[in-house]
$ cat my_file_38.txt   # compact mmCIF, C-alpha atoms
# COMPACT_ATOMS: atom_id res chain seq x y z
CA MET A 70 155.38 -176.09 190.99
CA ASP A 71 155.67 -176.00 187.22
CA ALA A 72 154.81 -172.46 186.03
CA GLU A 73 152.57 -173.77 183.24
CA ASN A 74 150.57 -175.90 185.71
CA LEU A 75 150.13 -172.93 188.02
CA THR A 76 148.94 -170.71 185.17
CA LYS A 77 146.39 -173.29 184.05
CA GLN A 78 145.16 -173.75 187.63
CA ILE A 79 144.65 -170.00 188.10
CA GLU A 80 142.79 -169.77 184.80
CA GLU A 81 140.62 -172.78 185.68
CA VAL A 82 139.68 -171.37 189.11
CA GLU A 83 138.67 -168.07 187.50
CA ALA A 84 136.56 -169.89 184.91
CA LEU A 85 134.87 -172.16 187.47
CA SER A 86 134.11 -169.22 189.75
CA SER A 87 132.58 -167.33 186.84
CA ILE A 88 130.52 -170.28 185.61
CA TYR A 89 129.20 -171.61 188.93
CA GLY A 90 129.03 -168.42 191.00
CA SER A 91 127.94 -169.04 194.59
CA ASP A 92 128.03 -172.81 194.01
CA PHE A 93 131.84 -172.55 193.77
CA THR A 94 133.64 -172.09 197.09
CA THR A 95 137.32 -171.65 197.93
CA ASP A 96 137.94 -173.87 200.96
CA CYS A 97 141.67 -173.17 201.34
CA GLU A 98 143.80 -171.00 199.05
CA GLN A 99 147.06 -172.35 200.48
CA THR A 100 146.29 -175.96 199.56
CA ARG A 101 144.27 -174.89 196.49
CA SER A 102 141.19 -176.72 197.77
CA TYR A 103 137.73 -175.93 196.42
CA SER A 104 134.17 -177.25 196.58
CA ILE A 105 131.44 -177.11 193.96
CA ARG A 106 127.75 -177.73 194.66
CA VAL A 107 126.05 -179.61 191.84
CA SER A 108 122.27 -179.94 192.00
CA ASP A 109 119.76 -181.27 189.52
CA ASN A 110 116.48 -183.15 189.66
CA LYS A 111 116.21 -182.20 193.37
CA ASN A 112 119.36 -184.17 194.18
CA GLU A 113 122.67 -182.64 195.22
CA VAL A 114 126.35 -183.63 195.18
CA ILE A 115 129.27 -181.65 196.57
CA LEU A 116 132.53 -182.11 194.65
CA TYR A 117 135.61 -181.35 196.75
CA VAL A 118 138.83 -180.91 194.77
CA THR A 119 142.43 -180.14 195.68
CA MET A 120 144.72 -179.10 192.84
CA THR A 121 148.00 -180.98 193.22
CA ASP A 122 151.37 -179.55 192.14
CA GLY A 123 151.37 -181.85 189.11
CA TYR A 124 147.89 -180.90 187.92
CA PRO A 125 146.98 -180.73 185.10
CA GLY A 126 150.17 -181.57 183.25
CA GLN A 127 151.37 -184.63 185.13
CA ALA A 128 148.71 -185.69 187.65
CA PRO A 129 144.98 -185.42 188.39
CA PRO A 130 143.54 -183.28 191.18
CA LYS A 131 142.51 -185.05 194.38
CA TYR A 132 138.75 -185.21 194.76
CA GLU A 133 135.98 -186.41 197.04
CA LEU A 134 132.22 -186.61 196.58
CA SER A 135 129.68 -185.80 199.26
CA ALA A 136 126.28 -187.35 198.53
CA PRO A 137 124.93 -189.07 201.67
CA TRP A 138 121.69 -189.99 199.88
CA MET A 139 123.52 -191.94 197.15
CA ASP A 140 124.12 -195.65 197.65
CA ARG A 141 127.61 -197.10 197.54
CA LYS A 142 127.23 -198.68 194.10
CA ALA A 143 126.07 -195.40 192.55
CA LYS A 144 129.00 -193.57 194.16
CA GLU A 145 131.47 -196.13 192.84
CA ASN A 146 130.00 -195.76 189.36
CA LEU A 147 130.30 -191.98 189.54
CA HIS A 148 133.93 -192.25 190.68
CA TYR A 149 134.58 -194.56 187.72
CA CYS A 150 133.04 -192.02 185.31
CA LEU A 151 135.21 -189.19 186.65
CA ASP A 152 138.37 -191.30 186.49
CA GLU A 153 137.54 -192.20 182.88
CA ILE A 154 137.19 -188.51 181.99
CA TYR A 155 140.63 -187.80 183.43
CA LEU A 156 142.21 -190.65 181.47
CA GLU A 157 140.66 -189.30 178.28
CA CYS A 158 141.95 -185.78 179.00
CA VAL A 159 145.40 -186.40 180.54
CA GLY A 160 147.35 -183.14 180.60
CA GLU A 161 144.23 -180.97 180.37
CA THR A 162 142.04 -179.35 183.03
CA VAL A 163 139.08 -181.61 183.86
CA ILE A 164 137.11 -180.12 186.75
CA TYR A 165 134.48 -178.50 184.52
CA GLN A 166 133.98 -181.82 182.70
CA TRP A 167 133.67 -183.56 186.08
CA VAL A 168 130.99 -181.15 187.30
CA GLU A 169 128.94 -181.52 184.13
CA LYS A 170 129.27 -185.32 184.26
CA ILE A 171 127.94 -185.28 187.82
CA ARG A 172 125.04 -183.11 186.65
CA GLU A 173 124.36 -185.55 183.80
CA VAL A 174 124.26 -188.46 186.24
CA LEU A 175 121.93 -186.57 188.60
CA GLN A 176 119.48 -186.05 185.75
CA THR A 177 119.10 -189.82 185.44
CA ILE A 178 118.36 -190.40 189.14
CA LYS A 179 114.89 -190.05 190.61
CA PRO A 180 114.55 -187.23 193.17
CA VAL A 181 115.12 -188.10 196.80
CA GLU A 182 112.71 -186.20 199.03
CA ASP A 183 112.41 -186.36 202.80
CA LYS A 184 114.32 -189.59 202.87
CA LYS A 185 117.20 -190.14 205.24
CA LYS A 186 120.18 -192.07 204.04
CA GLU A 187 120.03 -195.67 205.19
CA LYS A 188 122.75 -196.21 207.73
CA THR A 189 125.45 -198.83 207.37
CA GLN A 190 124.13 -201.95 209.07
CA HIS A 191 124.77 -200.90 212.63
CA ILE A 192 124.47 -203.24 215.55
CA GLU A 193 121.99 -200.94 217.27
CA ASP A 194 119.39 -201.61 214.58
CA THR A 195 118.66 -205.02 216.06
CA LEU A 196 119.93 -204.93 219.66
CA ASP A 197 119.19 -202.97 222.82
CA LEU A 198 122.49 -201.11 223.18
CA SER A 199 122.02 -200.25 226.82
CA GLN A 200 122.18 -203.95 227.74
CA LEU A 201 125.34 -204.73 225.77
CA ASP A 202 128.92 -204.93 227.00
CA ILE A 203 130.48 -203.52 223.84
CA LYS A 204 134.21 -204.04 223.42
CA CYS A 205 135.53 -201.70 220.79
CA PRO A 206 138.63 -199.67 219.89
CA GLU A 207 139.59 -197.02 222.41
CA ILE A 208 137.60 -193.82 221.98
CA THR A 209 139.03 -190.37 222.67
CA HIS A 210 136.56 -187.61 223.51
CA GLY A 211 137.62 -184.10 222.51
CA GLU A 212 137.09 -180.77 224.18
CA VAL A 213 133.65 -179.19 223.94
CA ILE A 214 133.36 -176.12 221.71
CA VAL A 215 130.52 -173.76 222.69
CA ASP A 216 129.13 -170.96 220.53
CA ARG A 217 125.81 -169.18 221.11
CA LYS A 218 124.45 -172.05 223.22
CA SER A 219 125.33 -174.72 220.62
CA SER A 220 127.94 -177.29 221.68
CA PHE A 221 130.25 -179.40 219.52
CA GLN A 222 132.37 -182.34 220.65
CA GLY A 223 134.54 -184.69 218.63
CA HIS A 224 135.13 -188.38 219.30
CA ALA A 225 137.90 -190.33 217.57
CA ALA A 226 139.06 -193.94 217.36
CA LYS A 227 141.60 -195.95 215.42
CA VAL A 228 139.70 -198.42 213.22
CA TYR A 229 140.70 -201.13 210.78
CA SER A 230 137.34 -202.47 209.58
CA ILE A 231 133.67 -201.66 209.15
CA GLU A 232 133.05 -203.86 212.19
CA ASP A 233 135.29 -201.57 214.27
CA ILE A 234 133.30 -198.57 213.04
CA ASN A 235 129.97 -200.17 213.96
CA LEU A 236 131.25 -201.05 217.42
CA VAL A 237 132.50 -197.52 218.09
CA LEU A 238 129.22 -195.98 216.91
CA ALA A 239 127.25 -198.39 219.07
CA LYS A 240 129.45 -197.69 222.09
CA LEU A 241 129.02 -193.93 221.70
CA LYS A 242 125.24 -194.31 221.57
CA GLN A 243 125.26 -196.06 224.93
CA ASN A 244 125.96 -192.58 226.28
CA LYS A 245 122.52 -190.94 226.56
CA LYS A 246 123.93 -187.44 226.12
CA ILE A 247 125.59 -188.40 222.83
CA GLN A 248 122.58 -190.42 221.72
CA ASN A 249 120.35 -187.39 222.31
CA ALA A 250 122.59 -184.97 220.41
CA THR A 251 120.87 -183.04 217.63
CA HIS A 252 123.37 -184.47 215.15
CA ASN A 253 126.06 -187.16 215.33
CA MET A 254 127.86 -186.72 212.02
CA TYR A 255 130.86 -188.87 211.19
CA ALA A 256 133.54 -189.64 208.64
CA TYR A 257 136.09 -192.41 208.36
CA ARG A 258 139.04 -193.52 206.27
CA ILE A 259 140.48 -197.04 206.31
CA VAL A 260 143.64 -197.37 204.22
CA THR A 261 145.42 -200.63 203.37
CA ASP A 262 148.01 -201.60 200.78
CA LYS A 263 145.25 -202.75 198.44
CA LEU A 264 142.38 -200.33 198.91
CA THR A 265 140.94 -197.30 200.65
CA LEU A 266 137.53 -197.38 202.34
CA GLN A 267 136.01 -194.04 203.23
CA ASP A 268 132.56 -192.63 203.76
CA CYS A 269 130.64 -190.10 205.82
CA ASP A 270 127.22 -189.37 207.25
CA ASP A 271 125.67 -185.93 207.81
CA ASP A 272 123.02 -187.17 210.29
CA GLY A 273 120.79 -184.28 209.24
CA GLU A 274 123.49 -181.57 209.26
CA SER A 275 123.74 -181.09 205.48
CA HIS A 276 127.26 -181.37 204.04
CA ALA A 277 128.92 -181.68 207.46
CA GLY A 278 130.07 -185.27 206.98
CA GLY A 279 131.48 -184.46 203.56
CA ARG A 280 133.47 -181.54 204.95
CA MET A 281 134.84 -183.76 207.71
CA LEU A 282 135.90 -186.36 205.16
CA HIS A 283 137.45 -183.66 202.98
CA LEU A 284 139.51 -182.44 205.94
CA MET A 285 140.62 -186.00 206.74
CA ASN A 286 141.78 -186.42 203.14
CA ILE A 287 143.75 -183.16 203.28
CA LEU A 288 145.38 -184.44 206.48
CA ASP A 289 145.96 -187.84 204.79
CA GLN A 290 144.30 -189.40 207.83
CA ARG A 291 144.37 -193.23 207.85
CA ASN A 292 142.46 -195.86 209.81
CA THR A 293 140.56 -193.15 211.64
CA LEU A 294 136.91 -192.63 212.56
CA VAL A 295 135.73 -189.25 213.79
CA VAL A 296 132.26 -188.52 215.14
CA VAL A 297 131.23 -184.94 215.93
CA SER A 298 128.21 -184.49 218.20
CA ARG A 299 126.30 -181.23 218.02
CA TRP A 300 123.75 -180.08 220.54
CA TYR A 301 121.74 -177.25 218.99
CA GLY A 302 121.18 -174.29 221.29
CA GLY A 303 118.32 -172.59 219.47
CA ILE A 304 120.37 -169.93 217.67
CA GLN A 305 121.36 -170.51 214.06
CA LEU A 306 125.13 -170.27 213.52
CA GLY A 307 125.21 -170.17 209.72
CA PRO A 308 128.57 -171.14 208.17
CA ASP A 309 130.26 -170.88 211.58
CA ARG A 310 128.90 -174.32 212.42
CA PHE A 311 131.14 -175.90 209.77
CA ARG A 312 134.18 -174.15 211.23
CA HIS A 313 133.38 -175.59 214.65
CA ILE A 314 132.78 -179.06 213.20
CA ASN A 315 136.12 -179.00 211.39
CA ASN A 316 137.91 -177.66 214.47
CA ALA A 317 136.35 -180.39 216.62
CA THR A 318 137.43 -182.98 214.04
CA ARG A 319 141.04 -181.86 213.87
CA GLN A 320 141.32 -181.28 217.62
CA VAL A 321 140.13 -184.76 218.62
CA ILE A 322 142.33 -186.45 215.99
CA GLN A 323 145.31 -184.64 217.46
CA GLN A 324 144.26 -185.35 221.05
CA ALA A 325 143.93 -189.06 220.22
CA GLY A 326 147.48 -189.09 218.86
CA LEU A 327 146.24 -190.02 215.39
CA LEU A 328 147.21 -186.82 213.54
CA LYS A 329 149.77 -187.61 210.85
CA LYS A 330 152.94 -185.55 211.15

$ encode --input "my_file_38.txt" --output "structure tokens"
Amino acid sequence: MDAENLTKQIEEVEALSSIYGSDFTTDCEQTRSYSIRVSDNKNEVILYVTMTDGYPGQAPPKYELSAPWMDRKAKENLHYCLDEIYLECVGETVIYQWVEKIREVLQTIKPVEDKKKEKTQHIEDTLDLSQLDIKCPEITHGEVIVDRKSSFQGHAAKVYSIEDINLVLAKLKQNKKIQNATHNMYAYRIVTDKLTLQDCDDDGESHAGGRMLHLMNILDQRNTLVVVSRWYGGIQLGPDRFRHINNATRQVIQQAGLLKK
């Protein structure tokens, strides 16, 4: 890595940590991956960033946004705003400007209270799943991780379209045990020559889907859907639950033979 880029990255991390305190988290020092919680007007966005070798001198950092409550159009607009900031500041550090732009956008959005994100139009919304013979991509079920009576299990499938995703989700919910899980969070990435489709859903486990998607981006996972089911055992696990969710995600991707080498 260019020494000047490295120096600027170190200085930026120190500044961000000082400014945002506990809202700034180091996810992985080796890959220089960080997350910043931005909240305003009772709404919240998590910005995940990975500082590339070329940042800031030659290339932007990689980034993802976790905001399950935000509709697709609003997310696309926010992505556009962040990309515009980078283009205006090529060669300079931009993460602080990104965070403050996100905060500015949040101030213009009405608060979302006690409202679950509307799901992508799944087949189960209109049909009785138990009566359907659902033909979908092959699903791999990972090993069960147990900690203090809570259980986590990953499920993975190779997908090429939103229709594939809907079919896999519907097929999983034919299983009563999975359907009755406390949370069924998921993330997917579909990558073609022309575009990348990716999204996630926390299913009530705040920030879990975003962390799964962040991991899949670090792994450069393509055409992959991962669902992690959690059955809550009555004992709060704190941050450990995210470690188990990420481990279940990576393990089932590898077990399904989808992990990029």

$ atom_distance --input "my_file_38.txt" --atom1 "atom CA of A:Trp167" --atom2 "atom CA of A:Ile231"
29.3 Å

$ residues_around --input "my_file_38.txt" --residues "stretch 150-161 of chain A" --least-positions-apart "5" --cutoff "12 Å" --atoms "all atoms listed in the file" --output "ChimeraX atom specification"
/A:73-74,77-78,81,116,123-134,143-145,166-174

$ residues_near_point --input "my_file_38.txt" --point "(142.4, -200.9, 208.3)" --cutoff "12 Å" --atoms "all atoms listed in the file" --output "list in words"
Ala226, Lys227, Val228, Tyr229, Ser230, Ile231, Glu232, Asp233, Ile234, Tyr257, Arg258, Ile259, Val260, Thr261, Asp262, Lys263, Leu264, Thr265, Leu266, Gln267, Gln290, Arg291, Asn292, Thr293 and Leu294 of chain A

$ closest_residue --input "my_file_38.txt" --among "A:Val82, A:Leu282, A:Met120, A:Val295" --to "A:Thr100" --atoms "all atoms listed in the file"
A:Met120

$ residues_around --input "my_file_38.txt" --residues "A:Gln323" --least-positions-apart "4" --cutoff "12 Å" --atoms "all atoms listed in the file" --output "list in words"
Thr209, His210, Gly211, Glu212, Gly223, His224, Ala225, Ala226, Met285, Leu288, Gln290, Thr293, Val295, Asn316, Ala317, Thr318, Arg319, Leu327, Leu328, Lys329 and Lys330 of chain A

$ residues_around --input "my_file_38.txt" --residues "A:Asn315" --least-positions-apart "5" --cutoff "12 Å" --atoms "only C-alpha atoms" --output "NGL selection string"
:A and (96 or 214 or 221-223 or 254-256 or 276-285 or 287-288 or 295-298 or 308-310 or 320-322)

$ write_last_selection --input "my_file_38.txt" --atoms "C-alpha atoms" --output "JSON list (two decimals), in the coordinates of the input"
[["chain", "number", "residue", "atom", "x", "y", "z"],
["A", 96, "ASP", "CA", 137.94, -173.87, 200.96],
["A", 214, "ILE", "CA", 133.36, -176.12, 221.71],
["A", 221, "PHE", "CA", 130.25, -179.40, 219.52],
["A", 222, "GLN", "CA", 132.37, -182.34, 220.65],
["A", 223, "GLY", "CA", 134.54, -184.69, 218.63],
["A", 254, "MET", "CA", 127.86, -186.72, 212.02],
["A", 255, "TYR", "CA", 130.86, -188.87, 211.19],
["A", 256, "ALA", "CA", 133.54, -189.64, 208.64],
["A", 276, "HIS", "CA", 127.26, -181.37, 204.04],
["A", 277, "ALA", "CA", 128.92, -181.68, 207.46],
["A", 278, "GLY", "CA", 130.07, -185.27, 206.98],
["A", 279, "GLY", "CA", 131.48, -184.46, 203.56],
["A", 280, "ARG", "CA", 133.47, -181.54, 204.95],
["A", 281, "MET", "CA", 134.84, -183.76, 207.71],
["A", 282, "LEU", "CA", 135.90, -186.36, 205.16],
["A", 283, "HIS", "CA", 137.45, -183.66, 202.98],
["A", 284, "LEU", "CA", 139.51, -182.44, 205.94],
["A", 285, "MET", "CA", 140.62, -186.00, 206.74],
["A", 287, "ILE", "CA", 143.75, -183.16, 203.28],
["A", 288, "LEU", "CA", 145.38, -184.44, 206.48],
["A", 295, "VAL", "CA", 135.73, -189.25, 213.79],
["A", 296, "VAL", "CA", 132.26, -188.52, 215.14],
["A", 297, "VAL", "CA", 131.23, -184.94, 215.93],
["A", 298, "SER", "CA", 128.21, -184.49, 218.20],
["A", 308, "PRO", "CA", 128.57, -171.14, 208.17],
["A", 309, "ASP", "CA", 130.26, -170.88, 211.58],
["A", 310, "ARG", "CA", 128.90, -174.32, 212.42],
["A", 320, "GLN", "CA", 141.32, -181.28, 217.62],
["A", 321, "VAL", "CA", 140.13, -184.76, 218.62],
["A", 322, "ILE", "CA", 142.33, -186.45, 215.99]]

$ closest_residue --input "my_file_38.txt" --among "A:Ile208, A:Leu236, A:Val107, A:Ala136" --to "A:Gln176" --atoms "only C-alpha atoms"
A:Val107

$ closest_residue --input "my_file_38.txt" --among "A:Thr177, A:Ser86, A:Asn146, A:Asn253" --to "A:Ile164" --atoms "all atoms listed in the file"
A:Ser86

$ residues_around --input "my_file_38.txt" --residues "A:Asn112" --least-positions-apart "2" --cutoff "10 Å" --atoms "all atoms listed in the file" --output "compact mmCIF listing (two decimals) with C-alpha atoms, in the coordinates of the input"
# COMPACT_ATOMS: atom_id res chain seq x y z
CA VAL A 107 126.05 -179.61 191.84
CA SER A 108 122.27 -179.94 192.00
CA ASP A 109 119.76 -181.27 189.52
CA ASN A 110 116.48 -183.15 189.66
CA VAL A 114 126.35 -183.63 195.18
CA ALA A 136 126.28 -187.35 198.53
CA TRP A 138 121.69 -189.99 199.88
CA MET A 139 123.52 -191.94 197.15
CA ARG A 172 125.04 -183.11 186.65
CA LEU A 175 121.93 -186.57 188.60
CA GLN A 176 119.48 -186.05 185.75
CA ILE A 178 118.36 -190.40 189.14
CA LYS A 179 114.89 -190.05 190.61
CA PRO A 180 114.55 -187.23 193.17
CA VAL A 181 115.12 -188.10 196.80
CA GLU A 182 112.71 -186.20 199.03

$ atom_distance --input "my_file_38.txt" --atom1 "atom CA of A:Ser220" --atom2 "atom CA of A:Trp300"
5.2 Å

$ residues_around --input "my_file_38.txt" --residues "A:Asn249" --least-positions-apart "5" --cutoff "12 Å" --atoms "only C-alpha atoms" --output "number ranges by chain"
A: 241-244, 298-301

$ write_last_selection --input "my_file_38.txt" --atoms "C-alpha atoms" --output "mmCIF file, keeping the file's coordinate frame"
data_model
loop_
_atom_site.group_PDB
_atom_site.id
_atom_site.type_symbol
_atom_site.label_atom_id
_atom_site.label_comp_id
_atom_site.auth_asym_id
_atom_site.auth_seq_id
_atom_site.Cartn_x
_atom_site.Cartn_y
_atom_site.Cartn_z
ATOM 1 C CA LEU A 241 129.020 -193.930 221.700
ATOM 2 C CA LYS A 242 125.240 -194.310 221.570
ATOM 3 C CA GLN A 243 125.260 -196.060 224.930
ATOM 4 C CA ASN A 244 125.960 -192.580 226.280
ATOM 5 C CA SER A 298 128.210 -184.490 218.200
ATOM 6 C CA ARG A 299 126.300 -181.230 218.020
ATOM 7 C CA TRP A 300 123.750 -180.080 220.540
ATOM 8 C CA TYR A 301 121.740 -177.250 218.990
#

$ atom_distance --input "my_file_38.txt" --atom1 "atom CA of A:Arg312" --atom2 "atom CA of A:Val215"
12.0 Å

$ decode --input "my_file_38.txt" --residues "stretch 143-168 of chain A" --atoms "N, CA, C and O atoms" --output "PDB file, in the first residue's frame"
ATOM      1  N   ALA A 143     -35.315   5.266  -1.602  1.00  0.00           N
ATOM      2  CA  ALA A 143     -34.585   6.138  -0.677  1.00  0.00           C
ATOM      3  C   ALA A 143     -33.139   5.674  -0.529  1.00  0.00           C
ATOM      4  O   ALA A 143     -32.212   6.497  -0.455  1.00  0.00           O
ATOM      5  N   LYS A 144     -32.932   4.355  -0.488  1.00  0.00           N
ATOM      6  CA  LYS A 144     -31.575   3.826  -0.390  1.00  0.00           C
ATOM      7  C   LYS A 144     -30.760   4.182  -1.627  1.00  0.00           C
ATOM      8  O   LYS A 144     -29.598   4.584  -1.536  1.00  0.00           O
ATOM      9  N   GLU A 145     -31.380   4.021  -2.800  1.00  0.00           N
ATOM     10  CA  GLU A 145     -30.684   4.341  -4.040  1.00  0.00           C
ATOM     11  C   GLU A 145     -30.300   5.810  -4.079  1.00  0.00           C
ATOM     12  O   GLU A 145     -29.200   6.171  -4.520  1.00  0.00           O
ATOM     13  N   ASN A 146     -31.191   6.672  -3.603  1.00  0.00           N
ATOM     14  CA  ASN A 146     -30.908   8.104  -3.574  1.00  0.00           C
ATOM     15  C   ASN A 146     -29.745   8.414  -2.627  1.00  0.00           C
ATOM     16  O   ASN A 146     -28.874   9.246  -2.942  1.00  0.00           O
ATOM     17  N   LEU A 147     -29.714   7.727  -1.486  1.00  0.00           N
ATOM     18  CA  LEU A 147     -28.634   7.944  -0.531  1.00  0.00           C
ATOM     19  C   LEU A 147     -27.304   7.476  -1.110  1.00  0.00           C
ATOM     20  O   LEU A 147     -26.269   8.140  -0.949  1.00  0.00           O
ATOM     21  N   HIS A 148     -27.312   6.311  -1.782  1.00  0.00           N
ATOM     22  CA  HIS A 148     -26.102   5.833  -2.446  1.00  0.00           C
ATOM     23  C   HIS A 148     -25.609   6.873  -3.459  1.00  0.00           C
ATOM     24  O   HIS A 148     -24.404   7.144  -3.549  1.00  0.00           O
ATOM     25  N   TYR A 149     -26.541   7.430  -4.213  1.00  0.00           N
ATOM     26  CA  TYR A 149     -26.193   8.440  -5.224  1.00  0.00           C
ATOM     27  C   TYR A 149     -25.524   9.647  -4.559  1.00  0.00           C
ATOM     28  O   TYR A 149     -24.511  10.162  -5.053  1.00  0.00           O
ATOM     29  N   CYS A 150     -26.076  10.088  -3.440  1.00  0.00           N
ATOM     30  CA  CYS A 150     -25.517  11.243  -2.724  1.00  0.00           C
ATOM     31  C   CYS A 150     -24.090  10.963  -2.260  1.00  0.00           C
ATOM     32  O   CYS A 150     -23.206  11.823  -2.382  1.00  0.00           O
ATOM     33  N   LEU A 151     -23.846   9.759  -1.730  1.00  0.00           N
ATOM     34  CA  LEU A 151     -22.510   9.426  -1.246  1.00  0.00           C
ATOM     35  C   LEU A 151     -21.517   9.327  -2.401  1.00  0.00           C
ATOM     36  O   LEU A 151     -20.362   9.769  -2.280  1.00  0.00           O
ATOM     37  N   ASP A 152     -21.957   8.752  -3.511  1.00  0.00           N
ATOM     38  CA  ASP A 152     -21.078   8.657  -4.679  1.00  0.00           C
ATOM     39  C   ASP A 152     -20.724  10.045  -5.208  1.00  0.00           C
ATOM     40  O   ASP A 152     -19.593  10.292  -5.640  1.00  0.00           O
ATOM     41  N   GLU A 153     -21.693  10.952  -5.167  1.00  0.00           N
ATOM     42  CA  GLU A 153     -21.449  12.321  -5.627  1.00  0.00           C
ATOM     43  C   GLU A 153     -20.417  13.011  -4.737  1.00  0.00           C
ATOM     44  O   GLU A 153     -19.549  13.741  -5.226  1.00  0.00           O
ATOM     45  N   ILE A 154     -20.493  12.776  -3.435  1.00  0.00           N
ATOM     46  CA  ILE A 154     -19.523  13.375  -2.512  1.00  0.00           C
ATOM     47  C   ILE A 154     -18.117  12.888  -2.843  1.00  0.00           C
ATOM     48  O   ILE A 154     -17.153  13.669  -2.872  1.00  0.00           O
ATOM     49  N   TYR A 155     -17.986  11.583  -3.116  1.00  0.00           N
ATOM     50  CA  TYR A 155     -16.662  11.056  -3.451  1.00  0.00           C
ATOM     51  C   TYR A 155     -16.121  11.714  -4.718  1.00  0.00           C
ATOM     52  O   TYR A 155     -14.945  12.115  -4.774  1.00  0.00           O
ATOM     53  N   LEU A 156     -16.964  11.832  -5.736  1.00  0.00           N
ATOM     54  CA  LEU A 156     -16.523  12.420  -6.998  1.00  0.00           C
ATOM     55  C   LEU A 156     -16.097  13.876  -6.824  1.00  0.00           C
ATOM     56  O   LEU A 156     -15.225  14.368  -7.543  1.00  0.00           O
ATOM     57  N   GLU A 157     -16.707  14.556  -5.878  1.00  0.00           N
ATOM     58  CA  GLU A 157     -16.334  15.948  -5.619  1.00  0.00           C
ATOM     59  C   GLU A 157     -15.063  16.058  -4.789  1.00  0.00           C
ATOM     60  O   GLU A 157     -14.448  17.126  -4.726  1.00  0.00           O
ATOM     61  N   CYS A 158     -14.678  14.950  -4.141  1.00  0.00           N
ATOM     62  CA  CYS A 158     -13.527  14.992  -3.217  1.00  0.00           C
ATOM     63  C   CYS A 158     -12.499  13.922  -3.558  1.00  0.00           C
ATOM     64  O   CYS A 158     -11.837  13.373  -2.659  1.00  0.00           O
ATOM     65  N   VAL A 159     -12.344  13.586  -4.846  1.00  0.00           N
ATOM     66  CA  VAL A 159     -11.407  12.542  -5.257  1.00  0.00           C
ATOM     67  C   VAL A 159     -10.012  12.858  -4.708  1.00  0.00           C
ATOM     68  O   VAL A 159      -9.504  13.971  -4.835  1.00  0.00           O
ATOM     69  N   GLY A 160      -9.404  11.854  -4.083  1.00  0.00           N
ATOM     70  CA  GLY A 160      -8.069  12.027  -3.528  1.00  0.00           C
ATOM     71  C   GLY A 160      -8.071  12.428  -2.068  1.00  0.00           C
ATOM     72  O   GLY A 160      -7.013  12.440  -1.425  1.00  0.00           O
ATOM     73  N   GLU A 161      -9.255  12.752  -1.524  1.00  0.00           N
ATOM     74  CA  GLU A 161      -9.354  13.167  -0.135  1.00  0.00           C
ATOM     75  C   GLU A 161     -10.148  12.129   0.668  1.00  0.00           C
ATOM     76  O   GLU A 161     -10.894  11.333   0.108  1.00  0.00           O
ATOM     77  N   THR A 162     -10.010  12.149   1.972  1.00  0.00           N
ATOM     78  CA  THR A 162     -10.821  11.270   2.822  1.00  0.00           C
ATOM     79  C   THR A 162     -12.271  11.767   2.807  1.00  0.00           C
ATOM     80  O   THR A 162     -12.522  12.972   2.808  1.00  0.00           O
ATOM     81  N   VAL A 163     -13.224  10.832   2.791  1.00  0.00           N
ATOM     82  CA  VAL A 163     -14.626  11.234   2.608  1.00  0.00           C
ATOM     83  C   VAL A 163     -15.581  10.647   3.638  1.00  0.00           C
ATOM     84  O   VAL A 163     -16.767  10.971   3.636  1.00  0.00           O
ATOM     85  N   ILE A 164     -15.109   9.777   4.517  1.00  0.00           N
ATOM     86  CA  ILE A 164     -16.040   9.044   5.379  1.00  0.00           C
ATOM     87  C   ILE A 164     -16.789   9.992   6.320  1.00  0.00           C
ATOM     88  O   ILE A 164     -17.994   9.829   6.549  1.00  0.00           O
ATOM     89  N   TYR A 165     -16.105  10.988   6.856  1.00  0.00           N
ATOM     90  CA  TYR A 165     -16.794  11.951   7.717  1.00  0.00           C
ATOM     91  C   TYR A 165     -17.899  12.659   6.942  1.00  0.00           C
ATOM     92  O   TYR A 165     -19.029  12.811   7.440  1.00  0.00           O
ATOM     93  N   GLN A 166     -17.599  13.090   5.702  1.00  0.00           N
ATOM     94  CA  GLN A 166     -18.615  13.755   4.875  1.00  0.00           C
ATOM     95  C   GLN A 166     -19.781  12.818   4.593  1.00  0.00           C
ATOM     96  O   GLN A 166     -20.937  13.252   4.568  1.00  0.00           O
ATOM     97  N   TRP A 167     -19.489  11.528   4.401  1.00  0.00           N
ATOM     98  CA  TRP A 167     -20.555  10.546   4.164  1.00  0.00           C
ATOM     99  C   TRP A 167     -21.470  10.442   5.390  1.00  0.00           C
ATOM    100  O   TRP A 167     -22.698  10.438   5.252  1.00  0.00           O
ATOM    101  N   VAL A 168     -20.871  10.334   6.562  1.00  0.00           N
ATOM    102  CA  VAL A 168     -21.667  10.189   7.784  1.00  0.00           C
ATOM    103  C   VAL A 168     -22.578  11.397   7.975  1.00  0.00           C
ATOM    104  O   VAL A 168     -23.770  11.253   8.285  1.00  0.00           O
TER     105      VAL A 168
END
